[in-house]
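Data from structure-v3.cif: mmCIF, C-alpha atoms and all ligand atoms
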```
data_work
#
loop_
_atom_site.label_atom_id
_atom_site.label_comp_id
_atom_site.auth_asym_id
_atom_site.auth_seq_id
_atom_site.Cartn_x
_atom_site.Cartn_y
_atom_site.Cartn_z
CA MET A 1 -27.95 23.07 -24.16
CA ALA A 2 -26.88 22.15 -20.62
CA GLU A 3 -23.37 23.12 -19.60
CA PRO A 4 -20.89 20.24 -20.07
CA LEU A 5 -20.32 18.23 -16.90
CA VAL A 6 -16.66 19.18 -16.70
CA MET A 7 -17.61 22.87 -16.63
CA ARG A 8 -20.07 22.31 -13.83
CA VAL A 9 -17.46 20.31 -11.93
CA ARG A 10 -14.98 23.16 -12.37
CA ALA A 11 -17.56 25.64 -11.12
CA ALA A 12 -18.16 23.47 -8.06
CA LEU A 13 -14.42 23.33 -7.35
CA ASN A 14 -14.25 27.08 -7.83
CA SER A 15 -16.67 27.47 -4.92
CA VAL A 16 -14.21 25.83 -2.53
CA ILE A 17 -12.19 28.54 -0.81
CA ASN A 18 -8.82 27.98 0.82
CA PRO A 19 -9.10 29.98 4.05
CA THR A 20 -5.35 30.55 4.10
CA SER A 21 -5.16 32.24 0.70
CA GLY A 22 -8.74 33.52 0.70
CA ARG A 23 -9.05 32.33 -2.90
CA SER A 24 -10.74 29.38 -4.52
CA ILE A 25 -8.69 26.25 -5.05
CA ILE A 26 -9.12 26.76 -8.81
CA ALA A 27 -7.81 30.34 -8.61
CA ASP A 28 -4.90 29.06 -6.52
CA GLY A 29 -4.04 26.60 -9.28
CA ALA A 30 -4.22 23.80 -6.72
CA VAL A 31 -6.50 21.53 -8.77
CA GLN A 32 -4.52 19.41 -11.16
CA GLY A 33 -5.26 16.69 -13.67
CA LEU A 34 -9.02 17.26 -13.58
CA ALA A 35 -10.62 14.53 -15.65
CA VAL A 36 -14.28 13.68 -16.08
CA LYS A 37 -15.13 10.36 -17.66
CA ASP A 38 -18.73 9.23 -17.77
CA SER A 39 -19.93 10.19 -14.32
CA VAL A 40 -16.57 9.76 -12.59
CA VAL A 41 -14.40 12.72 -11.67
CA ARG A 42 -10.69 12.50 -10.90
CA PHE A 43 -8.32 15.21 -9.79
CA ALA A 44 -5.36 15.91 -7.57
CA LEU A 45 -5.19 18.75 -5.08
CA GLU A 46 -1.74 20.18 -4.62
CA ALA A 47 -0.71 20.82 -1.04
CA LYS A 48 1.72 23.58 -0.12
CA PRO A 49 4.73 22.48 1.94
CA GLY A 50 3.78 22.40 5.62
CA ALA A 51 0.07 22.61 4.88
CA GLU A 52 -0.64 18.96 4.18
CA ARG A 53 -3.20 18.64 6.96
CA GLU A 54 -5.10 21.68 5.76
CA SER A 55 -5.08 20.20 2.30
CA GLN A 56 -6.72 17.05 3.55
CA ALA A 57 -9.61 19.17 4.89
CA LEU A 58 -9.77 21.08 1.60
CA LEU A 59 -9.76 17.81 -0.29
CA GLU A 60 -12.77 16.61 1.69
CA ALA A 61 -14.55 19.90 0.95
CA ALA A 62 -13.69 19.67 -2.75
CA LYS A 63 -14.93 16.09 -2.90
CA GLU A 64 -18.20 17.06 -1.20
CA ALA A 65 -18.69 19.97 -3.61
CA VAL A 66 -18.12 17.80 -6.69
CA LEU A 67 -20.42 15.08 -5.41
CA GLN A 68 -23.22 17.67 -5.27
CA VAL A 69 -22.95 18.21 -9.02
CA ASP A 70 -25.78 16.60 -10.92
CA GLY A 71 -24.48 13.71 -13.00
CA VAL A 72 -21.45 12.90 -10.82
CA THR A 73 -21.57 9.46 -9.22
CA ARG A 74 -18.05 9.17 -7.95
CA VAL A 75 -15.06 11.32 -7.12
CA SER A 76 -11.56 9.91 -6.98
CA CYS A 77 -9.21 12.55 -5.65
CA VAL A 78 -5.87 12.71 -3.92
CA ALA A 79 -3.81 15.41 -2.25
CA THR A 80 -0.26 15.69 -3.52
CA ALA A 81 2.67 17.59 -2.13
CA HIS A 82 3.94 20.71 -3.83
CA SER A 83 6.36 19.53 -6.48
CA ALA A 84 8.73 22.38 -7.18
CA GLY A 85 10.69 24.81 -5.04
CA SER A 86 8.41 27.85 -4.63
CA ALA A 87 8.27 27.63 -0.84
CA GLN A 88 5.28 29.19 0.82
CA LYS A 89 4.74 30.31 4.36
CA PRO A 90 3.21 27.52 6.37
CA ALA A 91 -0.47 28.12 6.99
CA ALA A 92 -1.02 30.42 9.93
CA ALA A 93 -3.95 28.54 11.32
CA THR A 94 -5.80 25.35 10.68
CA PRO A 95 -8.86 26.12 8.60
CA PRO A 96 -12.22 25.04 9.90
CA PRO A 97 -12.62 21.37 9.08
CA ALA A 98 -14.72 21.04 6.00
CA GLY A 99 -17.20 18.47 4.87
CA GLY A 100 -18.97 17.97 8.18
CA HIS A 101 -15.96 16.69 10.10
CA ALA A 102 -15.94 19.43 12.71
CA ASN A 103 -15.27 18.20 16.20
CA PRO A 104 -15.17 21.35 18.33
CA PHE A 105 -15.89 19.58 21.61
CA GLY A 106 -12.92 17.25 21.45
CA ILE A 107 -15.18 14.21 21.58
CA LYS A 108 -13.12 11.11 20.90
CA LYS A 109 -14.11 9.62 17.60
CA LYS A 110 -13.14 6.22 16.28
CA PRO A 111 -10.03 6.75 14.10
CA ALA A 112 -11.01 7.05 10.43
CA ILE A 113 -8.67 4.19 9.53
CA GLU A 114 -10.62 1.86 11.83
CA THR A 115 -13.88 2.82 10.16
CA ALA A 116 -12.27 2.35 6.74
CA ALA A 117 -11.08 -1.12 7.72
CA GLU A 118 -14.61 -2.07 8.75
CA ALA A 119 -15.58 -1.79 5.09
CA MET A 120 -13.49 -4.91 4.48
CA SER A 121 -15.92 -7.11 6.38
CA GLY A 122 -15.50 -9.94 3.87
CA VAL A 123 -11.74 -10.13 4.38
CA LYS A 124 -10.94 -12.71 7.02
CA ASN A 125 -7.25 -12.01 7.58
CA LEU A 126 -4.97 -9.08 6.85
CA VAL A 127 -1.29 -9.96 6.95
CA ALA A 128 1.44 -7.34 6.54
CA VAL A 129 4.71 -8.26 4.82
CA ALA A 130 7.34 -6.01 6.34
CA SER A 131 11.07 -5.54 6.89
CA GLY A 132 13.20 -3.17 8.85
CA LYS A 133 15.32 -2.44 5.82
CA GLY A 134 14.63 -1.60 2.18
CA GLY A 135 15.40 -3.76 -0.80
CA VAL A 136 15.36 -7.11 0.97
CA GLY A 137 12.71 -8.48 -1.38
CA LYS A 138 9.43 -7.79 0.50
CA SER A 139 7.48 -7.02 -2.65
CA THR A 140 8.91 -9.98 -4.55
CA VAL A 141 8.18 -12.30 -1.63
CA ALA A 142 4.69 -10.83 -1.08
CA VAL A 143 3.67 -11.30 -4.71
CA ASN A 144 4.99 -14.85 -4.91
CA LEU A 145 3.45 -15.79 -1.56
CA ALA A 146 0.10 -14.41 -2.73
CA VAL A 147 0.27 -16.49 -5.91
CA ALA A 148 1.22 -19.57 -3.88
CA LEU A 149 -1.61 -18.97 -1.39
CA ALA A 150 -4.09 -18.68 -4.26
CA LYS A 151 -2.70 -21.90 -5.76
CA ALA A 152 -3.25 -23.58 -2.38
CA GLY A 153 -6.93 -22.73 -2.70
CA LEU A 154 -7.19 -19.65 -0.48
CA LYS A 155 -9.11 -16.65 -1.73
CA THR A 156 -6.20 -14.24 -1.81
CA GLY A 157 -5.77 -10.51 -2.17
CA LEU A 158 -2.69 -8.33 -2.34
CA MET A 159 -2.60 -4.69 -1.28
CA ASP A 160 0.32 -2.45 -2.14
CA ALA A 161 0.73 -0.15 0.85
CA ASP A 162 3.93 1.30 -0.59
CA ILE A 163 2.50 4.66 -1.60
CA TYR A 164 5.86 6.23 -2.50
CA GLY A 165 7.11 3.33 -4.56
CA PRO A 166 4.34 0.97 -5.60
CA SER A 167 5.67 -2.33 -6.99
CA LEU A 168 2.59 -4.34 -7.90
CA PRO A 169 2.01 -2.87 -11.37
CA THR A 170 5.48 -4.08 -12.42
CA LEU A 171 5.53 -7.33 -10.47
CA LEU A 172 2.13 -8.41 -11.77
CA GLY A 173 2.71 -6.96 -15.23
CA ILE A 174 -0.49 -4.89 -15.18
CA SER A 175 -0.56 -1.29 -16.33
CA GLY A 176 -3.34 1.26 -16.88
CA LYS A 177 -5.87 2.60 -14.43
CA ALA A 178 -8.21 0.60 -12.25
CA GLU A 179 -11.87 0.40 -13.17
CA ILE A 180 -14.51 1.95 -10.96
CA ARG A 181 -17.91 0.31 -10.79
CA ASP A 182 -20.82 1.33 -8.57
CA SER A 183 -18.54 3.74 -6.69
CA LYS A 184 -16.04 1.01 -5.84
CA ILE A 185 -12.54 0.44 -7.19
CA ILE A 186 -12.35 -2.98 -8.82
CA PRO A 187 -9.21 -4.93 -7.90
CA ARG A 188 -7.04 -6.12 -10.78
CA GLU A 189 -6.81 -9.89 -11.08
CA ALA A 190 -3.72 -11.84 -11.98
CA PHE A 191 -2.52 -15.36 -11.21
CA GLY A 192 -5.66 -15.96 -9.14
CA VAL A 193 -4.94 -12.97 -6.88
CA LYS A 194 -7.03 -9.81 -6.44
CA ALA A 195 -4.65 -6.88 -6.25
CA MET A 196 -4.75 -3.13 -5.76
CA SER A 197 -2.00 -0.54 -5.79
CA ILE A 198 -1.91 3.24 -5.74
CA GLY A 199 0.03 2.78 -8.99
CA TRP A 200 -3.27 1.96 -10.70
CA LEU A 201 -5.05 4.95 -9.18
CA VAL A 202 -2.74 7.93 -9.66
CA ASP A 203 0.21 8.75 -11.88
CA GLU A 204 3.58 7.61 -10.62
CA SER A 205 4.92 11.16 -10.44
CA GLN A 206 2.06 12.11 -8.12
CA ALA A 207 2.46 9.10 -5.87
CA LEU A 208 6.11 9.95 -5.33
CA ALA A 209 5.21 13.36 -4.01
CA TRP A 210 2.84 12.16 -1.31
CA ARG A 211 3.37 13.06 2.30
CA GLY A 212 2.51 11.50 5.65
CA PRO A 213 -1.14 12.49 6.11
CA MET A 214 -1.85 11.55 2.53
CA VAL A 215 -0.26 8.15 3.01
CA MET A 216 -2.82 7.47 5.73
CA GLY A 217 -5.58 8.75 3.44
CA ALA A 218 -4.37 6.50 0.64
CA ILE A 219 -4.32 3.42 2.86
CA ARG A 220 -7.82 4.28 4.04
CA GLN A 221 -8.90 4.45 0.42
CA LEU A 222 -7.25 1.13 -0.38
CA MET A 223 -9.26 -0.38 2.47
CA SER A 224 -12.67 1.20 2.13
CA ASP A 225 -12.99 2.11 -1.55
CA VAL A 226 -11.77 -1.15 -3.05
CA ASP A 227 -14.24 -3.94 -3.69
CA TRP A 228 -12.22 -6.67 -1.97
CA GLY A 229 -15.25 -8.93 -1.63
CA THR A 230 -14.68 -12.17 0.25
CA LEU A 231 -11.07 -13.12 0.94
CA ASP A 232 -9.37 -15.64 3.19
CA ILE A 233 -6.24 -13.54 3.28
CA LEU A 234 -5.18 -10.10 2.14
CA LEU A 235 -1.40 -9.81 2.05
CA ILE A 236 -0.14 -6.27 2.38
CA ASP A 237 3.18 -5.28 0.84
CA THR A 238 4.56 -2.48 2.98
CA PRO A 239 7.25 0.14 2.36
CA PRO A 240 10.67 -0.30 3.96
CA GLY A 241 11.08 0.61 7.60
CA THR A 242 8.37 1.51 10.04
CA GLY A 243 6.52 4.62 8.95
CA ASP A 244 3.07 6.04 8.32
CA ALA A 245 1.87 3.08 6.30
CA HIS A 246 2.69 0.65 9.12
CA LEU A 247 1.11 2.87 11.72
CA SER A 248 -2.05 3.15 9.62
CA LEU A 249 -2.25 -0.61 9.28
CA ILE A 250 -1.73 -1.13 12.99
CA GLN A 251 -4.26 1.56 13.89
CA SER A 252 -6.83 -0.15 11.68
CA LYS A 253 -6.86 -2.92 14.31
CA ARG A 254 -7.44 -5.43 11.54
CA LEU A 255 -4.01 -7.06 11.19
CA SER A 256 -4.01 -10.77 11.94
CA GLY A 257 -0.26 -10.74 11.88
CA ALA A 258 2.95 -9.73 10.18
CA VAL A 259 5.55 -11.63 8.20
CA ILE A 260 9.05 -10.18 8.45
CA VAL A 261 11.39 -10.53 5.48
CA SER A 262 15.12 -10.27 6.02
CA THR A 263 18.39 -11.03 4.28
CA PRO A 264 20.89 -13.30 6.04
CA GLN A 265 23.49 -10.73 7.09
CA GLU A 266 24.21 -10.45 10.78
CA MET A 267 23.44 -6.79 10.27
CA ALA A 268 19.91 -7.68 9.29
CA LEU A 269 19.35 -8.87 12.84
CA ALA A 270 18.95 -5.34 14.11
CA ASP A 271 16.47 -4.55 11.34
CA VAL A 272 14.37 -7.63 12.02
CA ARG A 273 14.30 -6.71 15.68
CA ARG A 274 13.16 -3.18 14.84
CA GLY A 275 10.50 -4.37 12.38
CA ALA A 276 9.19 -6.95 14.79
CA ALA A 277 9.23 -4.56 17.75
CA LEU A 278 6.67 -2.25 16.16
CA PHE A 279 4.19 -5.07 15.62
CA ARG A 280 4.90 -6.64 19.01
CA LYS A 281 4.36 -3.34 20.79
CA THR A 282 0.90 -3.18 19.33
CA GLU A 283 0.13 -6.82 19.98
CA THR A 284 0.12 -7.77 16.32
CA PRO A 285 1.49 -11.32 16.23
CA VAL A 286 4.64 -11.91 14.22
CA ILE A 287 3.65 -14.92 12.13
CA GLY A 288 7.27 -15.52 11.31
CA VAL A 289 10.51 -14.49 9.65
CA ILE A 290 11.47 -15.35 6.06
CA GLU A 291 15.10 -15.23 5.02
CA ASN A 292 15.39 -13.99 1.45
CA MET A 293 18.39 -14.25 -0.88
CA ALA A 294 19.67 -16.88 1.52
CA TRP A 295 22.16 -18.53 -0.82
CA LEU A 296 23.08 -18.89 -4.46
CA GLU A 297 22.94 -22.34 -5.94
CA GLY A 298 26.10 -23.29 -7.82
CA PRO A 299 25.86 -24.69 -11.35
CA ALA A 300 26.91 -28.09 -10.03
CA GLY A 301 24.66 -27.83 -6.97
CA GLY A 302 25.96 -26.69 -3.62
CA LYS A 303 25.02 -23.56 -1.76
CA HIS A 304 27.03 -20.38 -1.83
CA PHE A 305 26.22 -18.25 1.16
CA LEU A 306 27.00 -14.84 -0.28
CA PHE A 307 25.63 -12.86 2.62
CA GLY A 308 26.56 -15.15 5.49
CA GLU A 309 24.55 -17.99 6.85
CA GLY A 310 21.46 -18.18 9.00
CA GLY A 311 21.24 -14.57 10.21
CA ALA A 312 17.47 -14.35 9.87
CA GLU A 313 16.92 -17.69 11.55
CA LYS A 314 19.02 -16.54 14.46
CA ALA A 315 17.04 -13.31 14.63
CA ALA A 316 13.79 -15.25 14.63
CA HIS A 317 14.94 -17.43 17.51
CA GLU A 318 16.11 -14.43 19.41
CA LEU A 319 12.72 -12.83 18.95
CA ASP A 320 10.96 -16.02 19.82
CA ALA A 321 9.17 -15.83 16.48
CA PRO A 322 8.84 -18.80 14.12
CA PHE A 323 11.39 -19.09 11.34
CA LEU A 324 9.28 -19.83 8.27
CA GLY A 325 12.09 -20.69 5.89
CA ALA A 326 14.54 -19.37 3.33
CA VAL A 327 14.25 -18.28 -0.28
CA PRO A 328 17.47 -18.72 -2.25
CA LEU A 329 18.83 -16.03 -4.52
CA TYR A 330 17.59 -16.91 -7.99
CA PRO A 331 19.01 -14.72 -10.75
CA ASP A 332 15.93 -15.49 -12.87
CA LEU A 333 13.59 -14.40 -10.06
CA ARG A 334 14.65 -10.81 -10.57
CA GLU A 335 14.27 -11.06 -14.33
CA ALA A 336 10.87 -12.72 -14.12
CA SER A 337 9.70 -10.16 -11.55
CA ASP A 338 10.68 -7.29 -13.79
CA GLU A 339 8.65 -8.90 -16.56
CA GLY A 340 5.58 -9.25 -14.36
CA ARG A 341 5.85 -13.04 -14.18
CA PRO A 342 5.89 -14.32 -10.59
CA LEU A 343 7.94 -17.54 -10.51
CA ALA A 344 5.41 -19.00 -8.05
CA ALA A 345 3.06 -19.28 -11.02
CA THR A 346 5.56 -21.36 -13.02
CA ASP A 347 7.28 -24.72 -12.64
CA HIS A 348 10.53 -23.08 -11.51
CA PRO A 349 11.99 -24.56 -8.28
CA ALA A 350 11.14 -21.24 -6.58
CA ALA A 351 7.45 -22.13 -6.85
CA GLU A 352 7.88 -25.01 -4.43
CA VAL A 353 9.76 -22.81 -1.98
CA PHE A 354 6.94 -20.26 -1.96
CA GLU A 355 4.31 -23.01 -1.70
CA THR A 356 5.96 -24.35 1.45
CA LEU A 357 6.10 -20.87 2.96
CA ALA A 358 2.50 -20.15 1.96
CA LYS A 359 1.31 -23.33 3.66
CA LYS A 360 2.94 -22.26 6.91
CA ILE A 361 1.29 -18.84 6.73
CA ALA A 362 -2.08 -20.41 5.89
CA ALA A 363 -1.72 -22.73 8.87
CA ALA A 364 -0.88 -19.80 11.15
CA ILE A 365 -3.99 -17.84 10.23
CA GLN A 366 -6.34 -20.80 9.99
CA PRO A 367 -5.26 -22.95 12.91
N1 LIG B 1 15.30 -14.32 -3.88
C1 LIG B 1 15.66 -13.41 -4.79
N2 LIG B 1 16.52 -13.75 -5.79
C2 LIG B 1 16.91 -12.86 -6.70
N3 LIG B 1 16.51 -11.59 -6.74
C3 LIG B 1 15.65 -11.18 -5.79
C4 LIG B 1 15.18 -12.07 -4.78
N4 LIG B 1 14.32 -11.37 -3.98
C5 LIG B 1 14.27 -10.13 -4.47
N5 LIG B 1 15.07 -10.01 -5.55
C6 LIG B 1 15.33 -8.79 -6.34
O1 LIG B 1 15.82 -7.80 -5.44
C7 LIG B 1 15.35 -6.52 -5.76
C8 LIG B 1 14.61 -5.93 -4.58
O2 LIG B 1 13.45 -6.67 -4.33
P1 LIG B 1 12.06 -6.00 -3.88
O3 LIG B 1 11.74 -4.83 -4.71
O4 LIG B 1 11.07 -7.10 -3.80
O5 LIG B 1 12.49 -5.53 -2.43
P2 LIG B 1 11.68 -4.67 -1.38
O6 LIG B 1 12.11 -5.11 -0.04
O7 LIG B 1 10.23 -4.73 -1.68
O8 LIG B 1 12.25 -3.23 -1.71
P3 LIG B 1 11.68 -1.84 -1.12
O9 LIG B 1 12.15 -1.79 0.28
O10 LIG B 1 12.32 -0.84 -2.01
O11 LIG B 1 10.19 -1.90 -1.23
C9 LIG B 1 14.47 -6.71 -7.00
O12 LIG B 1 15.22 -6.46 -8.13
C10 LIG B 1 14.09 -8.18 -6.93
O13 LIG B 1 13.78 -8.73 -8.20
MG MG B 2 8.89 -3.15 -2.04
#
```
Write-out of the structure in structure tokens:
Amino acid sequence: MAEPLVMRVRAALNSVINPTSGRSIIADGAVQGLAVKDSVVRFALEAKPGAERESQALLEAAKEAVLQVDGVTRVSCVATAHSAGSAQKPAAATPPPAGGHANPFGIKKKPAIETAAEAMSGVKNLVAVASGKGGVGKSTVAVNLAVALAKAGLKTGLMDADIYGPSLPTLLGISGKAEIRDSKIIPREAFGVKAMSIGWLVDESQALAWRGPMVMGAIRQLMSDVDWGTLDILLIDTPPGTGDAHLSLIQSKRLSGAVIVSTPQEMALADVRRGAALFRKTETPVIGVIENMAWLEGPAGGKHFLFGEGGAEKAAHELDAPFLGAVPLYPDLREASDEGRPLAATDHPAAEVFETLAKKIAAAIQP
């Protein structure tokens, strides 16, 4: 009887040698969570601290090796950072790039992220939802805007570029792993929106341990390996601040624009400025600023400005960027979000607020 596929996959991985240790990645215990289902192989490759780049090359080599195994049609693999203490010496030298990516002559190649983005040829507009600061409601706003855009008749997608803390599985109320068909990851569908998050590709504990180079790799995968099909707009929920995920998106040269979310505090001004500056510097248009948690409506009507009034609007004017509007603080928005029920899909007053904002964004990208 032929050897089981998983054994042959293991043997293939065992042939991949880490030049730093001189041992195979199996012998090093670097391959984790190896799973073979039908013809699809999944695993994680653990990177030692300080050797993340080397791990990316090893990951490519491991992927190549597994793809050579008869009966394997697809490999879904990620590099994760070393989880526990046991510090290792950083690798002495960069190993030879594996998997045919050698570039010994220093010839300038198109950045991989640009090539990955080209796979999304059916996606007309990519729009990043960003903020300078964390916890201002980017993910909540992104999900509800996506639902509102879909309701307005646009073919809408939603990509979760927050690799460390993916929100979409919770906000859309979808758990489990994504399906892979014909070597492509199939987006999940909810409320008329096609969505993909790293949370549906790897375990949460792994995602948390990712490091810079892997963030770029993950974003590349979310662009090129997902079957986005034809979309009018792909909203991208980004992590707080301006880090690797933002740089990857900018380097992809595919962003039509960015929407900045802010809270009303005067303090937020500085964050909006910082968030907008990154996009401006790279000539990505700032479609506009949304003020979130703008006020709390009293039981008898009337607005309570808990965090001050009009900070984001002022910031928008100062930046010469359009002010798109404000989203009040709705106590039930948080509850509904936690239950995976975007209020934009209901008859809650918030739905109208998001519809108005969505129309402005639609008008900006489809003048
Ligand atoms: N308008 C709102 N009214 C009430 N609660 C809100 C509102 N917007 C966001 N929230 C709540 O605030 C919290 C933070 O929101 P969210 O996770 O969307 O922020 P974020 O900017 O994406 O955070 P991070 O920077 O961590 O990614 C959540 O509990 C969310 O439900
Ligand atoms: Mg978020």
Per residue of chain A within 10 Å of ligand LIG 1 (chain B), record the nearest atom pair and its distance in Å to one decimal, counting only C-alpha atoms and all ligand atoms, with rows in chain order and ascending residue number, as a tab-separated table.
```
residue	atom	partner	partner_atom	distance
A:Val129	CA	B:LIG1	O7	9.2
A:Ala130	CA	B:LIG1	O6	8.0
A:Ser131	CA	B:LIG1	O6	7.0
A:Gly132	CA	B:LIG1	O9	8.7
A:Lys133	CA	B:LIG1	O9	6.4
A:Gly134	CA	B:LIG1	O9	3.1
A:Gly135	CA	B:LIG1	O8	3.3
A:Val136	CA	B:LIG1	O6	3.9
A:Gly137	CA	B:LIG1	O5	3.1
A:Lys138	CA	B:LIG1	O6	3.8
A:Ser139	CA	B:LIG1	O7	3.7
A:Thr140	CA	B:LIG1	O4	3.7
A:Val141	CA	B:LIG1	O4	6.3
A:Ala142	CA	B:LIG1	O4	7.9
A:Val143	CA	B:LIG1	O4	8.6
A:Asn144	CA	B:LIG1	O4	9.9
A:Asp160	CA	B:LIG1	O11	9.9
A:Ala161	CA	B:LIG1	O11	9.8
A:Asp162	CA	B:LIG1	O11	7.1
A:Tyr164	CA	B:LIG1	O11	9.3
A:Gly165	CA	B:LIG1	O11	6.9
A:Pro166	CA	B:LIG1	O11	7.8
A:Ser167	CA	B:LIG1	O3	6.9
A:Leu168	CA	B:LIG1	O3	9.7
A:Thr170	CA	B:LIG1	O3	10.0
A:Leu171	CA	B:LIG1	O13	8.7
A:Asp237	CA	B:LIG1	O7	7.5
A:Thr238	CA	B:LIG1	O11	7.1
A:Pro239	CA	B:LIG1	O11	5.1
A:Pro240	CA	B:LIG1	O9	4.2
A:Gly241	CA	B:LIG1	O9	7.8
A:Val261	CA	B:LIG1	O6	7.8
A:Ser262	CA	B:LIG1	O6	8.5
A:Thr263	CA	B:LIG1	N4	9.2
A:Glu291	CA	B:LIG1	N1	8.9
A:Asn292	CA	B:LIG1	N1	5.3
A:Met293	CA	B:LIG1	N1	4.3
A:Ala294	CA	B:LIG1	N1	7.4
A:Trp295	CA	B:LIG1	N1	8.6
A:Leu296	CA	B:LIG1	N2	8.4
A:Ala326	CA	B:LIG1	N1	8.8
A:Val327	CA	B:LIG1	N1	5.5
A:Pro328	CA	B:LIG1	N1	5.2
A:Leu329	CA	B:LIG1	N2	3.5
A:Tyr330	CA	B:LIG1	N2	4.0
A:Pro331	CA	B:LIG1	C2	4.9
A:Asp332	CA	B:LIG1	C2	6.8
A:Leu333	CA	B:LIG1	C2	5.0
A:Arg334	CA	B:LIG1	O13	3.3
A:Glu335	CA	B:LIG1	O13	6.6
A:Ala336	CA	B:LIG1	O13	7.7
A:Ser337	CA	B:LIG1	O13	5.5
A:Asp338	CA	B:LIG1	O13	6.6
A:Glu339	CA	B:LIG1	O13	9.8
A:Pro342	CA	B:LIG1	O13	10.0
A:Ala350	CA	B:LIG1	N1	8.5
```
Residue neighbourhood region 40-43 of chain A, 6 Å, all atoms listed in the file, exclusion window fewer than 5 positions, as a list of chain:residue names
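Non-adjacent residues within range: A:Gln32, A:Gly33, A:Leu34, A:Ala35, A:Arg74, A:Val75, A:Ser76, A:Cys77.
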Residue contacts of Val147 (chain A) (10 Å, all atoms listed in the file) excluding same-chain residues fewer than 6 positions away, as a list in words:
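Contacts, in chain order: Val141, Leu154, Thr156, Gly157, Leu158, Ala190, Phe191, Gly192, Val193, Lys194, Pro342, Leu343, Ala344, Ala345, Ala351, Phe354, Glu355 and Ala358 of chain A.
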Find, counting all atoms listed in the file, the residue in A:Ile260, A:Ala116, A:Ala146, A:Ala178 that gets nearest to Asp232 (chain A).
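Checking each of A:Ile260, A:Ala116, A:Ala146, A:Ala178 against Asp232 (chain A), counting all atoms listed in the file, the winner is A:Ala146.
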With distances taken over only C-alpha atoms, which residue among A:Gly310, A:Arg8, A:Ile290, A:Ala65 lies nearest Ile25 (chain A)?
A:Ala65
Return the single residue from A:Val353, A:Met196, A:Met223, A:Ile163 that is closest to ligand MG 2 (chain B), with distances computed using only C-alpha atoms and all ligand atoms.
A:Ile163
CA of Asn18 (chain A) to CA of Ala57 (chain A), straight-line distance in Å:
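Atom-to-atom, CA of Ala57 (chain A) and CA of Asn18 (chain A) are spaced 9.7 Å apart.
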Interatomic distance (Å, one decimal) between CA of Asp347 (chain A) and CA of Gly301 (chain A)
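Between CA of Asp347 (chain A) and CA of Gly301 (chain A) the gap is 18.5 Å.
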Taking (19.2, -3.6, 13.7) in the coordinates of the supplied file, I want to know which residues reach to within 12 Å of it, counting all atoms listed in the file; could you give the answer as a list in words?
Ser131, Gly132, Lys133, Gly241, Ser262, Gln265, Glu266, Met267, Ala268, Leu269, Ala270, Asp271, Val272, Arg273, Arg274, Gly275, Ala276, Ala277, Gly311, Ala312 and Ala315 of chain A
Would you list the contacts of region 118-120 of chain A as a count of residues only, taking every protein, DNA or RNA residue within 12 Å and counting all atoms listed in the file, but skipping same-chain residues closer than 6 positions in sequence?
25
Considering all atoms listed in the file, return as a ChimeraX atom specification whatever protein or nucleic-acid residues lie within 6 Å of region 280-288 of chain A, sequence-local ones (same chain, fewer than 2 positions apart) excluded.
/A:257-259,277-278,321-324
Atomic distance CA of Val289 (chain A) - CA of Lys314 (chain A), expressed in Å with one decimal:
10.0 Å
Of the candidates A:Ala363, A:Met159, A:Ile185, A:Ile26, which one gets nearest to ligand MG 2 (chain B) if we count only C-alpha atoms and all ligand atoms?
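So, comparing all the options, the nearest one is A:Met159.
With distances restricted to all atoms listed in the file, A:Asp70 is the closest residue to Val9 (chain A) from A:Asp244, A:Asp70, A:Glu313, A:Asp38.
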Given all atoms listed in the file as the basis, pick out the residue of A:Leu13, A:Leu145, A:Ala316, A:Val78 nearest to Asp28 (chain A).
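Of all the options, A:Leu13 lies closest to Asp28 (chain A).
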